[in-house]
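The structure under discussion appears below in the form of structure tokens.
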Amino acid sequence: MSQFTLNLIFIGLSFALYIGIAIWARAGSTAEFYAANRGVGPVMNGMATAADWMSAASFISMAGLIAFTGYDNSTFLMGWTGGYVLLAMLLAPYLRKFGKFTVPEFIGDRFYSQTARIIGVICLLIISITYVIGQMTGVGVTFSRYLEVSNSTGLWIGAGLVFVYAVLGGMKGITYTQVAQYIVLIIAYTIPAVFIAMQLTGHVLPQTGLFGSLNEGGGKFLATLDQVVTDLGFKSYTGHHKSTLDMVLFTLALMIGTAGLPHVIIRFFTVPKVSDARKSAGWALVFIALLYTVAPAVGSMSRFNLTATMWPGAESGQTFSQPAVSLDAIENDPEKAWMRNWQVTGLLNWEDKNGDGMIQYYNDGAENEALSAVIAEQNLQGNELTTVNNDIMVLANPEIANLPGWVIAIVAAGGLAAALSTAAGLLLAISGAVSHDLVKGAINPNISEKGELLAARISMAVSILVATMLGLNPPGFAAQTVALAFGLAASSIFPVLMMGIFSKRINKQGAIAGMLAGILSTLLYIFTYKGWFFIAGTNMLEDTAANWVFGISPASFGVIGALINFGVAYVVSNATEEPPLEVQELVDSIRVPRGAGDAVSH
Amino acid sequence: MTDKQSSNAYWQANVRIIWICLAIWALVSYGFAIILRPLLSAIKIGGTDLGFWFAQQGSILVFIALIFFYAARMNRLDRDHGVDE
């Protein structure tokens with residue numbers, strides 16, 4: 001059976017499953033549409049949260065980021081998991097007790113201000129829309145690679161599928177589809193990782209294989225990898241090369257950004273009890289960790305396999321002392337067919353610069369005496385593996401390791417599941433903010449339940465259309481939006497929610513001033529280095545470490561924005577009057593679990 | 001004890017548990033995995049050192065343990081103060 005047929009079968013089966021679930025889980029009320037009627041158990045909600053959270057970036061890009069940088073990019077692993085500790089202790093249980101449907105609704109009620117609620121809606125929309133563009137782009141790329149349709153056809157198929165289950169089922173349909181999508185994506189991620197860990201180290205668990213010994217030669221895997229990459233002039237894999245301060249701040253920015261992402265927070269509105277919200281954050285992290293503890297093994301092992309493809313001696317720790325891969329092997333050897341497949345996509349390329357019939361892969365920018373000697377001796381004219389895109393490390397991994405065709409088909413279905421599940425969660429957060437906070441909250445408070453449900457469905461459909469159009473013509477800043485989404489979530493939503501729960505003294509004026517100060521300082525810092533509204537050439541300072549204030553990168557600035565938010569809110573609140581008594585009572589009531597099931601009873 | 005005092009005591013106990021958990025949370029990630037890594041470099045594990053393990057595996061496992069510990073402690077605290085559901 002051809003690879004194309006296999007891909008079609010696996011992707012088709014997974015889609016049939018999602019549509020079946022959607023028809024079974026139609027939503028009939030706003031409570032079902034926004035919060036799945038608060039009937040989702042903590043384990044299942046944890047699984048849905050994991051799928052909601054793990055996007056195309058986690059599934060496809062993260063292992064590649066770690067593969068080519070090593071230890072320094074551990075910040076992504078810790079940053080994207082540590083936020084759940086903050087969620088479980090600082091936000092989720094109290095917001096569940098509050099018992100409403102959206103994040104801006106809490107901001108509006110706690111700070112008794114329509115203005116605060118609208119600022120919350122604007123932050124939510126910027127965060128979620130920038131985030132959803134990346135997902136839709138991922139859907140298009142995966143479709144065009146595996147189903148051999150055009151990028152735009154792939155995008156419309158994906159959009160149509162999300163439309164069916166998100167518009168029909170709302171949170172209820174999305175939750176159960178996400179559970180199925182989690183299972184698809186975790187199987188797709190784990191199977192190739194287990195195969196490769198066994199091939200290289202004999203360990204079944206990639207998590208222990210990472211610290212195991214190589215089957216060939218018997219040296220420690222990480223020690224051999226370090227030696228091979230430093231021989232080739234790259235930085236050592238396990239070494240610490242970046243600024244310590246920026247690593248700490250970037251990790252913290254990702255953690256509080258994660259805890260402030262609205263589409264993640266609303267998942268905790270669906271559980272029956274406050275105690276379930278705490279437990280569910282733990283389960284979410286268990287399911288996330290199944291992928292996140294495997295990712296560093298996938299990254300390092302695919303880096304090793306790639307290097308060993310280019311330098312066959314690398315498997316036993318030898319590089320330059322044995323010949324590099326020959327051009328003839330790349331063009332004719334069936335085991336290297338994957339290189340030819342990926343060259344077509346433009347994500348991988350090579351060029352025999354010195355005309356010796358071999359492709360030498362090394363770091364030609366390195367200042368290294370031993371390397372210079374080899375370069376002179378072997379007459380090398382520069383690195384000949386000219387393009388290696390980070391993203392192929394996960395997608396090409398099964399092919400590099402010569403795994404069977406059905407594994408490749410599963411990886412394709414898994415990549416789509418990761419992108420679609422995150423897109424659906426984001427679209428729900430967007431439609432909730434539009435129909436519940438704008439239409440019902442500000443424009444027409446007397447709208448009937450039926451009318452609001454219709455408004456929610458229409459805004460969902462419009463959001464899908466907008467996201468698809470943006471996915472078809474991704475704005476030039478698509479790659480920069482992660483910094484923007486996390487920076488805004490960290491500097492606006494997380495601090496305002498936390499202060500609303502942990503302080504009774506923060507009032508309307510403090511919250512509004514704090515949010516504006518946090519958002520504006522973060523945007524200013526990001527735009528200074530990345531260009532105004534990400535338009536190339538409009539940046540006021542060059543985006544290099546030497547120019548950053550105290551060495552803080554724009555992606556890490558969310559932490560400083562959050563501190564500014566906290567500080568301004570504190571000072572302004574203390575200079576103005578206390579919040580009204582009923583708001584202080586609201587804070588007292590969300591702090592205790594009792595009475596969460598029904599309307600607030602005391 | 002009045003309701004007000006009891007709920008104050010409940011909240012203070014909750015905040016105390018959160019502080020303890022967050023201290024451990026910061027110690028394993030910012031501490032062992034990044035800032036204190038050079039101090040731990042003598043402890044070797046699988047071809048590298050303990051700090052690397054905390055950065056790529058250990059801290060995530062500790063995070064999970066912390067959340068379940070917090071959830072269990074809070075369930076007990078809820079019952080002790082009569083505010084459970």
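Going by the structure tokens order, chains are called A, B, ..., each with residues numbered from 1, while ligands are numbered from 1 in the order shown.
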Distance-based interface of chain B with chain A, 10 Å, counting only C-alpha atoms, as a PDB file with N, CA and C atoms, in the first residue's frame:
ATOM      1  N   LYS B   4     -16.287  34.284  60.327  1.00  0.00           N
ATOM      2  CA  LYS B   4     -15.293  35.187  59.751  1.00  0.00           C
ATOM      3  C   LYS B   4     -13.876  34.748  60.141  1.00  0.00           C
ATOM      4  N   SER B   7     -12.917  31.490  58.435  1.00  0.00           N
ATOM      5  CA  SER B   7     -12.546  31.583  57.031  1.00  0.00           C
ATOM      6  C   SER B   7     -11.222  32.330  56.867  1.00  0.00           C
ATOM      7  N   ASN B   8     -10.908  33.253  57.814  1.00  0.00           N
ATOM      8  CA  ASN B   8      -9.576  33.870  57.776  1.00  0.00           C
ATOM      9  C   ASN B   8      -8.486  32.839  58.007  1.00  0.00           C
ATOM     10  N   TYR B  10      -8.664  29.661  57.516  1.00  0.00           N
ATOM     11  CA  TYR B  10      -8.624  28.772  56.346  1.00  0.00           C
ATOM     12  C   TYR B  10      -7.780  29.401  55.246  1.00  0.00           C
ATOM     13  N   TRP B  11      -8.033  30.695  54.983  1.00  0.00           N
ATOM     14  CA  TRP B  11      -7.319  31.369  53.899  1.00  0.00           C
ATOM     15  C   TRP B  11      -5.827  31.480  54.200  1.00  0.00           C
ATOM     16  N   ASN B  14      -4.216  28.188  53.614  1.00  0.00           N
ATOM     17  CA  ASN B  14      -4.089  27.978  52.172  1.00  0.00           C
ATOM     18  C   ASN B  14      -2.875  28.733  51.621  1.00  0.00           C
ATOM     19  N   VAL B  15      -2.762  30.017  52.002  1.00  0.00           N
ATOM     20  CA  VAL B  15      -1.648  30.827  51.490  1.00  0.00           C
ATOM     21  C   VAL B  15      -0.310  30.253  51.946  1.00  0.00           C
ATOM     22  N   ILE B  17       0.394  27.050  52.536  1.00  0.00           N
ATOM     23  CA  ILE B  17       0.709  25.867  51.715  1.00  0.00           C
ATOM     24  C   ILE B  17       1.187  26.306  50.328  1.00  0.00           C
ATOM     25  N   ILE B  18       0.541  27.338  49.770  1.00  0.00           N
ATOM     26  CA  ILE B  18       0.955  27.833  48.447  1.00  0.00           C
ATOM     27  C   ILE B  18       2.403  28.310  48.488  1.00  0.00           C
ATOM     28  N   TRP B  19       2.778  29.052  49.547  1.00  0.00           N
ATOM     29  CA  TRP B  19       4.165  29.534  49.650  1.00  0.00           C
ATOM     30  C   TRP B  19       5.148  28.371  49.662  1.00  0.00           C
ATOM     31  N   CYS B  21       4.742  25.319  48.496  1.00  0.00           N
ATOM     32  CA  CYS B  21       4.782  24.657  47.185  1.00  0.00           C
ATOM     33  C   CYS B  21       5.559  25.497  46.173  1.00  0.00           C
ATOM     34  N   LEU B  22       5.319  26.819  46.184  1.00  0.00           N
ATOM     35  CA  LEU B  22       5.997  27.658  45.196  1.00  0.00           C
ATOM     36  C   LEU B  22       7.497  27.770  45.482  1.00  0.00           C
ATOM     37  N   TRP B  25       8.758  24.718  43.884  1.00  0.00           N
ATOM     38  CA  TRP B  25       8.602  24.939  42.435  1.00  0.00           C
ATOM     39  C   TRP B  25       9.766  25.771  41.899  1.00  0.00           C
ATOM     40  N   ALA B  26      10.116  26.853  42.594  1.00  0.00           N
ATOM     41  CA  ALA B  26      11.204  27.727  42.138  1.00  0.00           C
ATOM     42  C   ALA B  26      12.561  27.052  42.332  1.00  0.00           C
ATOM     43  N   VAL B  28      13.449  23.826  42.198  1.00  0.00           N
ATOM     44  CA  VAL B  28      13.826  22.800  41.221  1.00  0.00           C
ATOM     45  C   VAL B  28      14.035  23.390  39.831  1.00  0.00           C
ATOM     46  N   SER B  29      13.235  24.407  39.446  1.00  0.00           N
ATOM     47  CA  SER B  29      13.363  24.923  38.078  1.00  0.00           C
ATOM     48  C   SER B  29      14.429  26.016  37.991  1.00  0.00           C
ATOM     49  N   TYR B  30      14.196  27.153  38.667  1.00  0.00           N
ATOM     50  CA  TYR B  30      15.185  28.240  38.591  1.00  0.00           C
ATOM     51  C   TYR B  30      16.459  27.885  39.341  1.00  0.00           C
ATOM     52  N   GLY B  31      16.313  27.111  40.432  1.00  0.00           N
ATOM     53  CA  GLY B  31      17.470  26.739  41.242  1.00  0.00           C
ATOM     54  C   GLY B  31      18.277  25.615  40.609  1.00  0.00           C
ATOM     55  N   ALA B  33      17.891  23.594  38.111  1.00  0.00           N
ATOM     56  CA  ALA B  33      18.049  23.444  36.662  1.00  0.00           C
ATOM     57  C   ALA B  33      18.863  24.572  36.037  1.00  0.00           C
ATOM     58  N   ILE B  34      18.870  25.767  36.647  1.00  0.00           N
ATOM     59  CA  ILE B  34      19.574  26.879  36.000  1.00  0.00           C
ATOM     60  C   ILE B  34      20.664  27.476  36.907  1.00  0.00           C
ATOM     61  N   ILE B  35      20.251  28.190  37.981  1.00  0.00           N
ATOM     62  CA  ILE B  35      21.222  28.985  38.735  1.00  0.00           C
ATOM     63  C   ILE B  35      22.192  28.105  39.521  1.00  0.00           C
ATOM     64  N   ARG B  37      22.936  25.029  38.910  1.00  0.00           N
ATOM     65  CA  ARG B  37      23.462  23.892  38.154  1.00  0.00           C
ATOM     66  C   ARG B  37      24.972  23.704  38.334  1.00  0.00           C
ATOM     67  N   PRO B  38      25.780  24.781  38.297  1.00  0.00           N
ATOM     68  CA  PRO B  38      27.228  24.585  38.473  1.00  0.00           C
ATOM     69  C   PRO B  38      27.581  23.918  39.806  1.00  0.00           C
ATOM     70  N   ILE B  45      25.026  12.080  36.008  1.00  0.00           N
ATOM     71  CA  ILE B  45      23.907  11.190  35.701  1.00  0.00           C
ATOM     72  C   ILE B  45      23.858  11.010  34.194  1.00  0.00           C
ATOM     73  N   GLY B  46      23.977   9.748  33.748  1.00  0.00           N
ATOM     74  CA  GLY B  46      23.812   9.393  32.336  1.00  0.00           C
ATOM     75  C   GLY B  46      24.549  10.269  31.343  1.00  0.00           C
ATOM     76  N   GLY B  47      25.845  10.499  31.539  1.00  0.00           N
ATOM     77  CA  GLY B  47      26.625  11.239  30.547  1.00  0.00           C
ATOM     78  C   GLY B  47      26.538  12.738  30.691  1.00  0.00           C
ATOM     79  N   THR B  48      25.784  13.211  31.705  1.00  0.00           N
ATOM     80  CA  THR B  48      25.741  14.648  31.959  1.00  0.00           C
ATOM     81  C   THR B  48      25.591  14.843  33.464  1.00  0.00           C
ATOM     82  N   ASP B  49      25.039  16.007  33.902  1.00  0.00           N
ATOM     83  CA  ASP B  49      24.967  16.225  35.343  1.00  0.00           C
ATOM     84  C   ASP B  49      23.525  16.394  35.816  1.00  0.00           C
ATOM     85  N   GLY B  51      21.859  18.840  37.121  1.00  0.00           N
ATOM     86  CA  GLY B  51      21.144  20.042  36.705  1.00  0.00           C
ATOM     87  C   GLY B  51      20.468  19.855  35.353  1.00  0.00           C
ATOM     88  N   PHE B  52      21.141  19.168  34.421  1.00  0.00           N
ATOM     89  CA  PHE B  52      20.563  18.900  33.108  1.00  0.00           C
ATOM     90  C   PHE B  52      19.329  18.017  33.249  1.00  0.00           C
ATOM     91  N   TRP B  53      19.396  17.023  34.122  1.00  0.00           N
ATOM     92  CA  TRP B  53      18.237  16.145  34.334  1.00  0.00           C
ATOM     93  C   TRP B  53      17.061  16.950  34.885  1.00  0.00           C
ATOM     94  N   PHE B  54      17.334  17.840  35.848  1.00  0.00           N
ATOM     95  CA  PHE B  54      16.246  18.659  36.378  1.00  0.00           C
ATOM     96  C   PHE B  54      15.666  19.559  35.293  1.00  0.00           C
ATOM     97  N   ALA B  55      16.504  20.080  34.393  1.00  0.00           N
ATOM     98  CA  ALA B  55      16.027  20.989  33.362  1.00  0.00           C
ATOM     99  C   ALA B  55      15.123  20.281  32.355  1.00  0.00           C
ATOM    100  N   GLN B  56      15.421  19.009  32.046  1.00  0.00           N
ATOM    101  CA  GLN B  56      14.674  18.358  30.971  1.00  0.00           C
ATOM    102  C   GLN B  56      13.712  17.276  31.453  1.00  0.00           C
ATOM    103  N   GLN B  57      13.802  16.839  32.704  1.00  0.00           N
ATOM    104  CA  GLN B  57      12.909  15.796  33.205  1.00  0.00           C
ATOM    105  C   GLN B  57      12.410  16.122  34.615  1.00  0.00           C
ATOM    106  N   GLY B  58      13.367  16.313  35.531  1.00  0.00           N
ATOM    107  CA  GLY B  58      13.064  16.345  36.961  1.00  0.00           C
ATOM    108  C   GLY B  58      12.081  17.417  37.367  1.00  0.00           C
ATOM    109  N   SER B  59      12.284  18.646  36.845  1.00  0.00           N
ATOM    110  CA  SER B  59      11.407  19.719  37.304  1.00  0.00           C
ATOM    111  C   SER B  59       9.954  19.429  36.920  1.00  0.00           C
ATOM    112  N   ILE B  60       9.719  18.849  35.730  1.00  0.00           N
ATOM    113  CA  ILE B  60       8.348  18.551  35.292  1.00  0.00           C
ATOM    114  C   ILE B  60       7.712  17.531  36.245  1.00  0.00           C
ATOM    115  N   LEU B  61       8.501  16.514  36.625  1.00  0.00           N
ATOM    116  CA  LEU B  61       7.964  15.493  37.538  1.00  0.00           C
ATOM    117  C   LEU B  61       7.648  16.109  38.901  1.00  0.00           C
ATOM    118  N   VAL B  62       8.511  17.009  39.375  1.00  0.00           N
ATOM    119  CA  VAL B  62       8.256  17.664  40.665  1.00  0.00           C
ATOM    120  C   VAL B  62       6.994  18.534  40.567  1.00  0.00           C
ATOM    121  N   PHE B  63       6.795  19.215  39.434  1.00  0.00           N
ATOM    122  CA  PHE B  63       5.589  20.043  39.261  1.00  0.00           C
ATOM    123  C   PHE B  63       4.331  19.193  39.445  1.00  0.00           C
ATOM    124  N   ILE B  64       4.321  18.017  38.828  1.00  0.00           N
ATOM    125  CA  ILE B  64       3.147  17.138  38.925  1.00  0.00           C
ATOM    126  C   ILE B  64       2.912  16.760  40.390  1.00  0.00           C
ATOM    127  N   ALA B  65       4.000  16.331  41.056  1.00  0.00           N
ATOM    128  CA  ALA B  65       3.876  15.930  42.460  1.00  0.00           C
ATOM    129  C   ALA B  65       3.340  17.088  43.300  1.00  0.00           C
ATOM    130  N   LEU B  66       3.817  18.306  43.034  1.00  0.00           N
ATOM    131  CA  LEU B  66       3.381  19.469  43.814  1.00  0.00           C
ATOM    132  C   LEU B  66       1.878  19.708  43.672  1.00  0.00           C
ATOM    133  N   ILE B  67       1.354  19.612  42.446  1.00  0.00           N
ATOM    134  CA  ILE B  67      -0.078  19.890  42.253  1.00  0.00           C
ATOM    135  C   ILE B  67      -0.924  18.855  42.993  1.00  0.00           C
ATOM    136  N   PHE B  68      -0.542  17.567  42.893  1.00  0.00           N
ATOM    137  CA  PHE B  68      -1.353  16.555  43.581  1.00  0.00           C
ATOM    138  C   PHE B  68      -1.214  16.678  45.101  1.00  0.00           C
ATOM    139  N   PHE B  69      -0.012  17.043  45.564  1.00  0.00           N
ATOM    140  CA  PHE B  69       0.164  17.281  47.000  1.00  0.00           C
ATOM    141  C   PHE B  69      -0.737  18.426  47.448  1.00  0.00           C
ATOM    142  N   TYR B  70      -0.730  19.512  46.685  1.00  0.00           N
ATOM    143  CA  TYR B  70      -1.558  20.669  47.032  1.00  0.00           C
ATOM    144  C   TYR B  70      -3.045  20.294  47.038  1.00  0.00           C
ATOM    145  N   ALA B  71      -3.471  19.548  46.000  1.00  0.00           N
ATOM    146  CA  ALA B  71      -4.887  19.160  45.915  1.00  0.00           C
ATOM    147  C   ALA B  71      -5.288  18.320  47.127  1.00  0.00           C
ATOM    148  N   ALA B  72      -4.409  17.392  47.539  1.00  0.00           N
ATOM    149  CA  ALA B  72      -4.742  16.518  48.673  1.00  0.00           C
ATOM    150  C   ALA B  72      -4.771  17.315  49.977  1.00  0.00           C
ATOM    151  N   MET B  74      -5.357  20.468  50.368  1.00  0.00           N
ATOM    152  CA  MET B  74      -6.492  21.374  50.378  1.00  0.00           C
ATOM    153  C   MET B  74      -7.799  20.636  50.640  1.00  0.00           C
ATOM    154  N   ASN B  75      -7.915  19.400  50.137  1.00  0.00           N
ATOM    155  CA  ASN B  75      -9.119  18.631  50.446  1.00  0.00           C
ATOM    156  C   ASN B  75      -9.253  18.442  51.955  1.00  0.00           C
ATOM    157  N   ASP B  78     -10.111  21.808  53.553  1.00  0.00           N
ATOM    158  CA  ASP B  78     -11.516  22.126  53.312  1.00  0.00           C
ATOM    159  C   ASP B  78     -12.397  21.430  54.354  1.00  0.00           C
ATOM    160  N   HIS B  81     -12.005  22.791  58.010  1.00  0.00           N
ATOM    161  CA  HIS B  81     -12.644  24.081  58.240  1.00  0.00           C
ATOM    162  C   HIS B  81     -14.111  24.083  57.837  1.00  0.00           C
ATOM    163  N   GLY B  82     -14.623  22.911  57.465  1.00  0.00           N
ATOM    164  CA  GLY B  82     -16.030  22.809  57.129  1.00  0.00           C
ATOM    165  C   GLY B  82     -16.445  23.609  55.906  1.00  0.00           C
ATOM    166  N   VAL B  83     -15.521  23.780  54.936  1.00  0.00           N
ATOM    167  CA  VAL B  83     -15.899  24.513  53.720  1.00  0.00           C
ATOM    168  C   VAL B  83     -15.858  23.612  52.488  1.00  0.00           C
ATOM    169  N   ASP B  84     -15.821  22.261  52.719  1.00  0.00           N
ATOM    170  CA  ASP B  84     -15.784  21.374  51.557  1.00  0.00           C
ATOM    171  C   ASP B  84     -17.141  21.327  50.875  1.00  0.00           C
ATOM    172  N   GLU B  85     -17.142  20.755  49.656  1.00  0.00           N
ATOM    173  CA  GLU B  85     -18.378  20.804  48.858  1.00  0.00           C
ATOM    174  C   GLU B  85     -19.264  19.611  49.154  1.00  0.00           C
TER     175      GLU B  85
END
Residues at most 10 Å from Leu497 (chain A), counting only C-alpha atoms, excluding those fewer than 3 positions away in the same chain, as an mmCIF file with C-alpha atoms, in the first residue's frame?
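Writing done, so here's part-v1.cif:
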data_model
loop_
_atom_site.group_PDB
_atom_site.id
_atom_site.type_symbol
_atom_site.label_atom_id
_atom_site.label_comp_id
_atom_site.auth_asym_id
_atom_site.auth_seq_id
_atom_site.Cartn_x
_atom_site.Cartn_y
_atom_site.Cartn_z
ATOM 1 C CA LEU A 90 -3.375 30.733 42.190
ATOM 2 C CA LEU A 91 -6.234 30.809 39.667
ATOM 3 C CA TYR A 94 -11.207 30.315 42.634
ATOM 4 C CA LEU A 95 -12.312 31.073 39.086
ATOM 5 C CA VAL A 103 -12.354 35.447 31.862
ATOM 6 C CA PRO A 104 -13.394 39.066 31.096
ATOM 7 C CA PHE A 106 -14.607 37.794 36.205
ATOM 8 C CA ILE A 107 -12.499 40.900 35.597
ATOM 9 C CA ARG A 110 -14.473 41.696 40.553
ATOM 10 C CA GLY A 260 -2.779 33.700 31.858
ATOM 11 C CA SER A 492 -2.208 41.705 31.652
ATOM 12 C CA ILE A 493 -4.461 38.731 32.369
ATOM 13 C CA PHE A 494 -2.397 36.769 34.906
ATOM 14 C CA GLY A 500 -8.543 40.009 42.104
ATOM 15 C CA ILE A 501 -8.379 36.805 44.132
ATOM 16 C CA PHE A 502 -5.526 37.408 46.565
ATOM 17 C CA ALA A 511 -6.843 47.220 38.078
#
Extract the full set of alpha helix (DSSP H) residues from chain B according to DSSP on the backbone, and format it as a ChimeraX atom specification. /B:3-26,37-40,50-53,59-80
Next, dump the selected residues to file, keeping only C-alpha atoms, as a PDB file, in the first residue's frame.
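Done, and the output landed in result_24.pdb:
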ATOM      1  CA  ASP B   3     -17.456  32.206  60.587  1.00  0.00           C
ATOM      2  CA  LYS B   4     -15.293  35.187  59.751  1.00  0.00           C
ATOM      3  CA  GLN B   5     -12.369  34.045  61.945  1.00  0.00           C
ATOM      4  CA  SER B   6     -12.637  30.487  60.648  1.00  0.00           C
ATOM      5  CA  SER B   7     -12.546  31.583  57.031  1.00  0.00           C
ATOM      6  CA  ASN B   8      -9.576  33.870  57.776  1.00  0.00           C
ATOM      7  CA  ALA B   9      -7.700  30.946  59.333  1.00  0.00           C
ATOM      8  CA  TYR B  10      -8.624  28.772  56.346  1.00  0.00           C
ATOM      9  CA  TRP B  11      -7.319  31.369  53.899  1.00  0.00           C
ATOM     10  CA  GLN B  12      -4.076  31.895  55.838  1.00  0.00           C
ATOM     11  CA  ALA B  13      -3.461  28.148  55.933  1.00  0.00           C
ATOM     12  CA  ASN B  14      -4.089  27.978  52.172  1.00  0.00           C
ATOM     13  CA  VAL B  15      -1.648  30.827  51.490  1.00  0.00           C
ATOM     14  CA  ARG B  16       0.974  29.132  53.683  1.00  0.00           C
ATOM     15  CA  ILE B  17       0.709  25.867  51.715  1.00  0.00           C
ATOM     16  CA  ILE B  18       0.955  27.833  48.447  1.00  0.00           C
ATOM     17  CA  TRP B  19       4.165  29.534  49.650  1.00  0.00           C
ATOM     18  CA  ILE B  20       5.747  26.199  50.534  1.00  0.00           C
ATOM     19  CA  CYS B  21       4.782  24.657  47.185  1.00  0.00           C
ATOM     20  CA  LEU B  22       5.997  27.658  45.196  1.00  0.00           C
ATOM     21  CA  ALA B  23       9.322  27.653  47.071  1.00  0.00           C
ATOM     22  CA  ILE B  24       9.894  24.055  45.922  1.00  0.00           C
ATOM     23  CA  TRP B  25       8.602  24.939  42.435  1.00  0.00           C
ATOM     24  CA  ALA B  26      11.204  27.727  42.138  1.00  0.00           C
ATOM     25  CA  ARG B  37      23.462  23.892  38.154  1.00  0.00           C
ATOM     26  CA  PRO B  38      27.228  24.585  38.473  1.00  0.00           C
ATOM     27  CA  LEU B  39      27.098  23.635  42.179  1.00  0.00           C
ATOM     28  CA  LEU B  40      25.471  20.306  41.351  1.00  0.00           C
ATOM     29  CA  LEU B  50      22.023  16.462  37.724  1.00  0.00           C
ATOM     30  CA  GLY B  51      21.144  20.042  36.705  1.00  0.00           C
ATOM     31  CA  PHE B  52      20.563  18.900  33.108  1.00  0.00           C
ATOM     32  CA  TRP B  53      18.237  16.145  34.334  1.00  0.00           C
ATOM     33  CA  SER B  59      11.407  19.719  37.304  1.00  0.00           C
ATOM     34  CA  ILE B  60       8.348  18.551  35.292  1.00  0.00           C
ATOM     35  CA  LEU B  61       7.964  15.493  37.538  1.00  0.00           C
ATOM     36  CA  VAL B  62       8.256  17.664  40.665  1.00  0.00           C
ATOM     37  CA  PHE B  63       5.589  20.043  39.261  1.00  0.00           C
ATOM     38  CA  ILE B  64       3.147  17.138  38.925  1.00  0.00           C
ATOM     39  CA  ALA B  65       3.876  15.930  42.460  1.00  0.00           C
ATOM     40  CA  LEU B  66       3.381  19.469  43.814  1.00  0.00           C
ATOM     41  CA  ILE B  67      -0.078  19.890  42.253  1.00  0.00           C
ATOM     42  CA  PHE B  68      -1.353  16.555  43.581  1.00  0.00           C
ATOM     43  CA  PHE B  69       0.164  17.281  47.000  1.00  0.00           C
ATOM     44  CA  TYR B  70      -1.558  20.669  47.032  1.00  0.00           C
ATOM     45  CA  ALA B  71      -4.887  19.160  45.915  1.00  0.00           C
ATOM     46  CA  ALA B  72      -4.742  16.518  48.673  1.00  0.00           C
ATOM     47  CA  ARG B  73      -3.724  18.994  51.403  1.00  0.00           C
ATOM     48  CA  MET B  74      -6.492  21.374  50.378  1.00  0.00           C
ATOM     49  CA  ASN B  75      -9.119  18.631  50.446  1.00  0.00           C
ATOM     50  CA  ARG B  76      -8.136  17.955  54.056  1.00  0.00           C
ATOM     51  CA  LEU B  77      -8.063  21.661  54.890  1.00  0.00           C
ATOM     52  CA  ASP B  78     -11.516  22.126  53.312  1.00  0.00           C
ATOM     53  CA  ARG B  79     -12.919  19.374  55.553  1.00  0.00           C
ATOM     54  CA  ASP B  80     -11.151  20.627  58.713  1.00  0.00           C
TER      55      ASP B  80
END
Chain B: residues DSSP assigns to strand (DSSP E), reported as a PDB file with N, CA and C atoms, in the first residue's frame:
ATOM      1  N   LYS B  44      27.001  13.246  38.723  1.00  0.00           N
ATOM      2  CA  LYS B  44      26.873  12.840  37.321  1.00  0.00           C
ATOM      3  C   LYS B  44      25.678  11.923  37.137  1.00  0.00           C
ATOM      4  N   ILE B  45      25.026  12.080  36.008  1.00  0.00           N
ATOM      5  CA  ILE B  45      23.907  11.190  35.701  1.00  0.00           C
ATOM      6  C   ILE B  45      23.858  11.010  34.194  1.00  0.00           C
ATOM      7  N   THR B  48      25.784  13.211  31.705  1.00  0.00           N
ATOM      8  CA  THR B  48      25.741  14.648  31.959  1.00  0.00           C
ATOM      9  C   THR B  48      25.591  14.843  33.464  1.00  0.00           C
ATOM     10  N   ASP B  49      25.039  16.007  33.902  1.00  0.00           N
ATOM     11  CA  ASP B  49      24.967  16.225  35.343  1.00  0.00           C
ATOM     12  C   ASP B  49      23.525  16.394  35.816  1.00  0.00           C
TER      13      ASP B  49
END
Which neighbours of Gly558 (chain A) fall inside 12 Å, counting only C-alpha atoms, when residues of the same chain fewer than 5 positions from it are skipped, and could you give them as a PyMOL selection string? chain A and resi 246+249-258+260+482-495+517-526+552-553+563-565
To one decimal place in Å, what is the distance between CA of Ala569 (chain A) and CA of Ala259 (chain A)?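 Those two atoms sit 19.4 Å apart.
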Counting only C-alpha atoms, the residue of A:Ala337, A:Leu581, A:Leu428, A:Val388 that sits nearest Asn349 (chain A):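 Among the listed residues, the smallest separation from Asn349 (chain A) belongs to A:Val388.
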Near-Trp338 (chain A) list (8 Å; only C-alpha atoms; drop same-chain fewer than 6 positions) as a PDB file with N, CA and C atoms, in the first residue's frame:
ATOM      1  N   ALA A 396      10.161  14.354  10.073  1.00  0.00           N
ATOM      2  CA  ALA A 396      10.981  13.432   9.289  1.00  0.00           C
ATOM      3  C   ALA A 396      11.584  12.329  10.137  1.00  0.00           C
ATOM      4  N   GLU A 399      11.061   8.757   9.250  1.00  0.00           N
ATOM      5  CA  GLU A 399      11.719   8.397   7.995  1.00  0.00           C
ATOM      6  C   GLU A 399      13.222   8.270   8.184  1.00  0.00           C
ATOM      7  N   ILE A 400      13.806   9.191   8.988  1.00  0.00           N
ATOM      8  CA  ILE A 400      15.253   9.133   9.242  1.00  0.00           C
ATOM      9  C   ILE A 400      15.598   7.785   9.864  1.00  0.00           C
TER      10      ILE A 400
END
Compile the contact shell of Ile118 (chain A) as a PyMOL selection string: residues with an atom at most 9 Å away, counting only C-alpha atoms, same-chain residues fewer than 5 positions apart removed. chain A and resi 104+108+113+123+437-438+442
Might you pull out every residue within 10 Å of Val141 (chain A), with only C-alpha atoms counted and same-chain residues fewer than 6 positions away left off, and present them as a list in words?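 Listing them by chain and then by number gives Gln135, Val149, Ser150, Asn151, Ser152, Gly154, Leu155, Gly415 and Leu416 of chain A.
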